[in-house]
Amino acid sequence: MIATSGPTPRRRDWLDRLWRFASSGRVTVALLALLVFTLALAAIFPQVAAGPDSAELERRLGSATAAYREVGAFLRALGVFTILTSPWLRVILALLVYNLALRLADQLRALAAGRRPITVPPSLRPGLTAVHTTAPAAPELALKAVQEVLQARYPLVVAELAAGQARVYGRRGRPAALSGVLVTLGLLLGLAGMARNLTTGWRISEIPLVVRSGITLPLAGEPQLILEQIEGDAANAIATFTLAWADGRRLALRTGYLRPARAGDLWISQLSAGPALQARAFSGTRPLPLQLLADGLRFTPEASELIRVPFRQAQPEQAFAIPARNLTFRVVSYSSLPAQGIQGPVFLIEAYHGDEPTPVLTRLVEAEAMLAMDDVTVDLRRDRHTVLAVAYLPGMLFLGLAALLGLAGVAFGLAAGWGYTEAWATLAYGAPASALIFRTSAPRAARAEAQRLLLAAEAAFGRFEPSAAGPSEAPPPEEIPAAASPEVSSPAQPVQEA
């Protein structure tokens, strides 16, 4: 009984093609471009993080949809508000990791092969683009011309003879093989850091804090971020914070515009700073609860004996109320009122009783004031607030290492000539002319390198052609499939090593 392995080459060829496609540099570039485009959309549109409270998620999605009016529903259907938690982003990351893992395997193989001494040409790798022409010179002279062409561009050249053919191999840039490994490892580490940030990290944007107020962060130990003071004005404002844990640990932090503060994997950025109004109300000596009516900065609307009303440039008007006395206060923040002789910041305060459209009291307040209405006294003081973005990014260490590896790979590649390149020349003897095939393996422009070698070989044939033979014309180069090349079928002999 004779076993046959007929289907095996076809299956192996199919797997080789799949490997070559999945590890292609073009696929890497396409996936990276798609990832950058996806993250750019996530940066342009507000992202709503999924949470255990479906009602809160729906409220946030509804708020994001309403902000874009007519196109909001269409954008929500496309999923632009949930890009960072979408399966689409995870699929891109998974495909990119798979592609880079295959590329790393190829690069490690090339790095290991480049470190081994060779005396004969290694086997051809599948999938290399081939160009071919004819060699009108005598076989010995054609082989000498091919060797001369390769030696002009490659420091190491070896050859072997076999029945009816010769093979010549050259390689250069062996130290540069390490650069590709470093760059690919950097990309893989960068993806690992990004994936960790997306899965275990979080970000809270536009957190308003008034001096001496704080927020509890969703971290182990539930630390509080407390705003201690704000120094400077406008773009020069510097905010000082205290990160306080329940066990008594405290950490002082300072942040300003384009100067984020960091505590471990916690990053705090200051988005803006501006005025705020602190208000208390009393009936005699008994405090009255106040309630902030405007919720534009997500301040809690619950009644409190002390409220701090923030003002931003896009939201200069706020309102609060004393529910127990049916009083409402409208507050407008101005940077100055020259017509009133006020050159600095000032608040315009208007008090309304019930639904009456006419204010029962109007007052300008620069620093502090006491307002008296019937048995109610309102204590107003100017304060300041800042708006923060807080992010927990546990993958930043991976991203930092990725950047270092990438820079090291690029620098090493430039210093070493950038690119580990191999070239194979197969010379198949025949009458009246021999067939010559060049194949190259290079990090970029492999076919162009093969074309350069072929043109140089055609020029060299004229110098080696015997004078009696007369000039010959070679057909123009053309691409042929890798499988069309003749293979060495007999024991080889090394004939040259440079």
# chains A, B, ... in the order shown; residues from 1 in each chain; ligands from 1

$ closest_atom_pairs --of "region 133-223 of chain A" --to "region 103-116 of chain A" --cutoff "10 Å" --atoms "only C-alpha atoms" --output "tab-separated table"
residue	atom	partner	partner_atom	distance
A:Arg171	CA	A:Gly114	CA	8.5
A:Arg172	CA	A:Gly114	CA	9.2
A:Gly173	CA	A:Gly114	CA	9.2
A:Arg174	CA	A:Gly114	CA	5.7
A:Pro175	CA	A:Gly114	CA	8.2
A:Ala176	CA	A:Leu111	CA	8.8
A:Ala177	CA	A:Leu111	CA	5.5
A:Leu178	CA	A:Leu111	CA	6.5
A:Ser179	CA	A:Gln107	CA	9.4
A:Gly180	CA	A:Gln107	CA	6.6
A:Val181	CA	A:Gln107	CA	5.9
A:Leu182	CA	A:Leu104	CA	9.2
A:Val183	CA	A:Leu104	CA	9.4
A:Thr184	CA	A:Leu104	CA	6.2
A:Leu185	CA	A:Leu104	CA	7.4
A:Leu188	CA	A:Leu104	CA	9.4

$ residues_around --residues "region 447-458 of chain A" --least-positions-apart "5" --cutoff "7 Å" --atoms "only C-alpha atoms" --output "list in words"
Thr129, Val131, Ala145, Val146, Val149, Phe438, Arg439 and Thr440 of chain A

$ write_last_selection --atoms "N, CA, C and O atoms" --output "PDB file, in the first residue's frame"
ATOM      1  N   THR A 129       8.196  38.394  -3.916  1.00  0.00           N
ATOM      2  CA  THR A 129       7.984  38.860  -5.285  1.00  0.00           C
ATOM      3  C   THR A 129       9.233  38.585  -6.110  1.00  0.00           C
ATOM      4  O   THR A 129      10.350  38.835  -5.665  1.00  0.00           O
ATOM      5  N   VAL A 131      11.307  38.821  -9.987  1.00  0.00           N
ATOM      6  CA  VAL A 131      11.464  39.416 -11.312  1.00  0.00           C
ATOM      7  C   VAL A 131      12.485  38.587 -12.063  1.00  0.00           C
ATOM      8  O   VAL A 131      13.402  38.002 -11.459  1.00  0.00           O
ATOM      9  N   ALA A 145      28.852  37.527 -13.279  1.00  0.00           N
ATOM     10  CA  ALA A 145      28.190  38.834 -13.308  1.00  0.00           C
ATOM     11  C   ALA A 145      27.196  38.974 -12.171  1.00  0.00           C
ATOM     12  O   ALA A 145      27.105  40.022 -11.516  1.00  0.00           O
ATOM     13  N   VAL A 146      26.429  37.907 -11.907  1.00  0.00           N
ATOM     14  CA  VAL A 146      25.445  37.960 -10.812  1.00  0.00           C
ATOM     15  C   VAL A 146      26.150  38.124  -9.471  1.00  0.00           C
ATOM     16  O   VAL A 146      25.724  38.912  -8.611  1.00  0.00           O
ATOM     17  N   VAL A 149      27.268  41.697  -9.069  1.00  0.00           N
ATOM     18  CA  VAL A 149      26.157  42.609  -8.780  1.00  0.00           C
ATOM     19  C   VAL A 149      25.772  42.533  -7.309  1.00  0.00           C
ATOM     20  O   VAL A 149      25.561  43.559  -6.639  1.00  0.00           O
ATOM     21  N   PHE A 438      15.489  37.042  -9.689  1.00  0.00           N
ATOM     22  CA  PHE A 438      15.859  37.714  -8.435  1.00  0.00           C
ATOM     23  C   PHE A 438      14.645  37.762  -7.510  1.00  0.00           C
ATOM     24  O   PHE A 438      13.525  38.056  -7.951  1.00  0.00           O
ATOM     25  N   ARG A 439      14.892  37.493  -6.246  1.00  0.00           N
ATOM     26  CA  ARG A 439      13.881  37.676  -5.200  1.00  0.00           C
ATOM     27  C   ARG A 439      14.539  38.393  -4.026  1.00  0.00           C
ATOM     28  O   ARG A 439      15.704  38.128  -3.722  1.00  0.00           O
ATOM     29  N   THR A 440      13.800  39.252  -3.369  1.00  0.00           N
ATOM     30  CA  THR A 440      14.353  39.976  -2.218  1.00  0.00           C
ATOM     31  C   THR A 440      13.347  39.970  -1.072  1.00  0.00           C
ATOM     32  O   THR A 440      12.127  39.897  -1.286  1.00  0.00           O
TER      33      THR A 440
END

$ closest_residue --among "A:Arg26, A:Arg312, A:Arg330, A:Arg381" --to "Ala351 (chain A)" --atoms "only C-alpha atoms"
A:Arg330

$ residues_around --residues "Ala22 (chain A)" --least-positions-apart "6" --cutoff "8 Å" --atoms "only C-alpha atoms" --output "number ranges by chain"
A: 98-99, 102

$ closest_residue --among "A:Phe282, A:Phe412, A:Phe329, A:Phe398" --to "Thr377 (chain A)" --atoms "only C-alpha atoms"
A:Phe282

$ residues_around --residues "Tyr154 (chain A)" --least-positions-apart "2" --cutoff "8 Å" --atoms "only C-alpha atoms" --output "ChimeraX atom specification"
/A:150-152,156-157,170-172

$ closest_atom_pairs --of "region 353-443 of chain A" --to "region 240-263 of chain A" --cutoff "10 Å" --atoms "only C-alpha atoms" --output "CSV"
residue,atom,partner,partner_atom,distance
A:Thr386,CA,A:Gly256,CA,9.9
A:Leu388,CA,A:Thr255,CA,9.5
A:Ala389,CA,A:Pro260,CA,9.5
A:Val390,CA,A:Pro260,CA,9.6
A:Ala391,CA,A:Arg262,CA,9.7
A:Tyr392,CA,A:Ala263,CA,9.6

$ select_by_dssp --residues "region 149-320 of chain A" --states "helix (DSSP H, G or I)" --output "PyMOL selection string"
chain A and resi 149-153+174-200+234-236

$ write_last_selection --atoms "N, CA, C and O atoms" --output "tab-separated table (two decimals), in the first residue's frame"
chain	number	residue	atom	x	y	z
A	149	VAL	N	27.27	41.70	-9.07
A	149	VAL	CA	26.16	42.61	-8.78
A	149	VAL	C	25.77	42.53	-7.31
A	149	VAL	O	25.56	43.56	-6.64
A	150	LEU	N	25.67	41.33	-6.76
A	150	LEU	CA	25.28	41.18	-5.36
A	150	LEU	C	26.38	41.68	-4.42
A	150	LEU	O	26.09	42.29	-3.38
A	151	GLN	N	27.64	41.42	-4.76
A	151	GLN	CA	28.72	41.86	-3.89
A	151	GLN	C	28.82	43.38	-3.82
A	151	GLN	O	29.31	43.92	-2.82
A	152	ALA	N	28.33	44.07	-4.84
A	152	ALA	CA	28.36	45.53	-4.82
A	152	ALA	C	27.37	46.12	-3.83
A	152	ALA	O	27.53	47.26	-3.38
A	153	ARG	N	26.34	45.34	-3.45
A	153	ARG	CA	25.29	45.87	-2.57
A	153	ARG	C	25.15	45.11	-1.25
A	153	ARG	O	24.48	45.60	-0.33
A	174	ARG	N	22.37	43.24	8.90
A	174	ARG	CA	22.03	42.25	9.92
A	174	ARG	C	21.76	42.88	11.29
A	174	ARG	O	20.78	42.50	11.95
A	175	PRO	N	22.54	43.87	11.77
A	175	PRO	CA	22.19	44.47	13.07
A	175	PRO	C	20.83	45.16	13.07
A	175	PRO	O	20.19	45.26	14.11
A	176	ALA	N	20.38	45.63	11.89
A	176	ALA	CA	19.11	46.34	11.84
A	176	ALA	C	17.92	45.42	12.04
A	176	ALA	O	16.80	45.90	12.22
A	177	ALA	N	18.14	44.10	11.99
A	177	ALA	CA	17.02	43.18	12.24
A	177	ALA	C	16.45	43.38	13.64
A	177	ALA	O	15.26	43.14	13.89
A	178	LEU	N	17.31	43.83	14.57
A	178	LEU	CA	16.84	44.08	15.93
A	178	LEU	C	15.87	45.25	16.00
A	178	LEU	O	14.99	45.30	16.86
A	179	SER	N	16.01	46.23	15.09
A	179	SER	CA	15.15	47.41	15.15
A	179	SER	C	13.69	47.04	14.91
A	179	SER	O	12.80	47.55	15.59
A	180	GLY	N	13.44	46.14	13.94
A	180	GLY	CA	12.07	45.72	13.70
A	180	GLY	C	11.47	45.01	14.90
A	180	GLY	O	10.29	45.19	15.23
A	181	VAL	N	12.27	44.19	15.58
A	181	VAL	CA	11.79	43.51	16.79
A	181	VAL	C	11.42	44.52	17.87
A	181	VAL	O	10.37	44.40	18.52
A	182	LEU	N	12.26	45.54	18.06
A	182	LEU	CA	11.99	46.54	19.09
A	182	LEU	C	10.73	47.34	18.78
A	182	LEU	O	9.90	47.59	19.67
A	183	VAL	N	10.57	47.74	17.51
A	183	VAL	CA	9.39	48.52	17.15
A	183	VAL	C	8.12	47.69	17.32
A	183	VAL	O	7.10	48.17	17.85
A	184	THR	N	8.15	46.43	16.89
A	184	THR	CA	6.97	45.57	17.02
A	184	THR	C	6.65	45.30	18.49
A	184	THR	O	5.48	45.31	18.90
A	185	LEU	N	7.68	45.05	19.30
A	185	LEU	CA	7.43	44.87	20.74
A	185	LEU	C	6.85	46.13	21.35
A	185	LEU	O	5.95	46.05	22.22
A	186	GLY	N	7.33	47.29	20.92
A	186	GLY	CA	6.77	48.54	21.42
A	186	GLY	C	5.30	48.68	21.07
A	186	GLY	O	4.48	49.09	21.90
A	187	LEU	N	4.93	48.33	19.84
A	187	LEU	CA	3.52	48.40	19.45
A	187	LEU	C	2.66	47.44	20.27
A	187	LEU	O	1.55	47.78	20.69
A	188	LEU	N	3.18	46.24	20.50
A	188	LEU	CA	2.41	45.26	21.29
A	188	LEU	C	2.24	45.75	22.73
A	188	LEU	O	1.15	45.62	23.32
A	189	LEU	N	3.30	46.31	23.32
A	189	LEU	CA	3.17	46.85	24.67
A	189	LEU	C	2.20	48.03	24.71
A	189	LEU	O	1.43	48.19	25.66
A	190	GLY	N	2.24	48.87	23.66
A	190	GLY	CA	1.30	49.98	23.60
A	190	GLY	C	-0.14	49.51	23.54
A	190	GLY	O	-1.02	50.07	24.21
A	191	LEU	N	-0.40	48.46	22.76
A	191	LEU	CA	-1.76	47.91	22.70
A	191	LEU	C	-2.16	47.29	24.03
A	191	LEU	O	-3.32	47.39	24.44
A	192	ALA	N	-1.19	46.65	24.72
A	192	ALA	CA	-1.50	46.08	26.04
A	192	ALA	C	-1.88	47.18	27.02
A	192	ALA	O	-2.84	47.04	27.80
A	193	GLY	N	-1.14	48.29	26.99
A	193	GLY	CA	-1.48	49.41	27.87
A	193	GLY	C	-2.82	50.01	27.54
A	193	GLY	O	-3.62	50.35	28.43
A	194	MET	N	-3.11	50.16	26.25
A	194	MET	CA	-4.40	50.71	25.84
A	194	MET	C	-5.54	49.80	26.27
A	194	MET	O	-6.58	50.26	26.76
A	195	ALA	N	-5.35	48.48	26.07
A	195	ALA	CA	-6.40	47.53	26.47
A	195	ALA	C	-6.64	47.57	27.98
A	195	ALA	O	-7.78	47.50	28.44
A	196	ARG	N	-5.57	47.71	28.76
A	196	ARG	CA	-5.74	47.75	30.21
A	196	ARG	C	-6.46	49.03	30.64
A	196	ARG	O	-7.31	49.01	31.54
A	197	ASN	N	-6.13	50.14	29.98
A	197	ASN	CA	-6.83	51.39	30.30
A	197	ASN	C	-8.32	51.29	29.97
A	197	ASN	O	-9.17	51.82	30.69
A	198	LEU	N	-8.64	50.62	28.86
A	198	LEU	CA	-10.03	50.51	28.45
A	198	LEU	C	-10.83	49.57	29.33
A	198	LEU	O	-12.04	49.76	29.54
A	199	THR	N	-10.17	48.52	29.84
A	199	THR	CA	-10.90	47.51	30.61
A	199	THR	C	-10.97	47.82	32.10
A	199	THR	O	-12.01	47.61	32.72
A	200	THR	N	-9.87	48.31	32.68
A	200	THR	CA	-9.87	48.54	34.13
A	200	THR	C	-9.74	50.02	34.50
A	200	THR	O	-9.85	50.35	35.68
A	234	ALA	N	-6.99	83.22	35.23
A	234	ALA	CA	-7.13	82.77	33.84
A	234	ALA	C	-6.21	81.58	33.58
A	234	ALA	O	-6.23	80.60	34.31
A	235	ALA	N	-5.40	81.66	32.50
A	235	ALA	CA	-4.56	80.53	32.10
A	235	ALA	C	-3.43	80.26	33.08
A	235	ALA	O	-2.80	79.21	33.03
A	236	ASN	N	-3.15	81.19	34.00
A	236	ASN	CA	-2.08	81.01	34.98
A	236	ASN	C	-2.58	80.44	36.30
A	236	ASN	O	-1.82	80.37	37.27
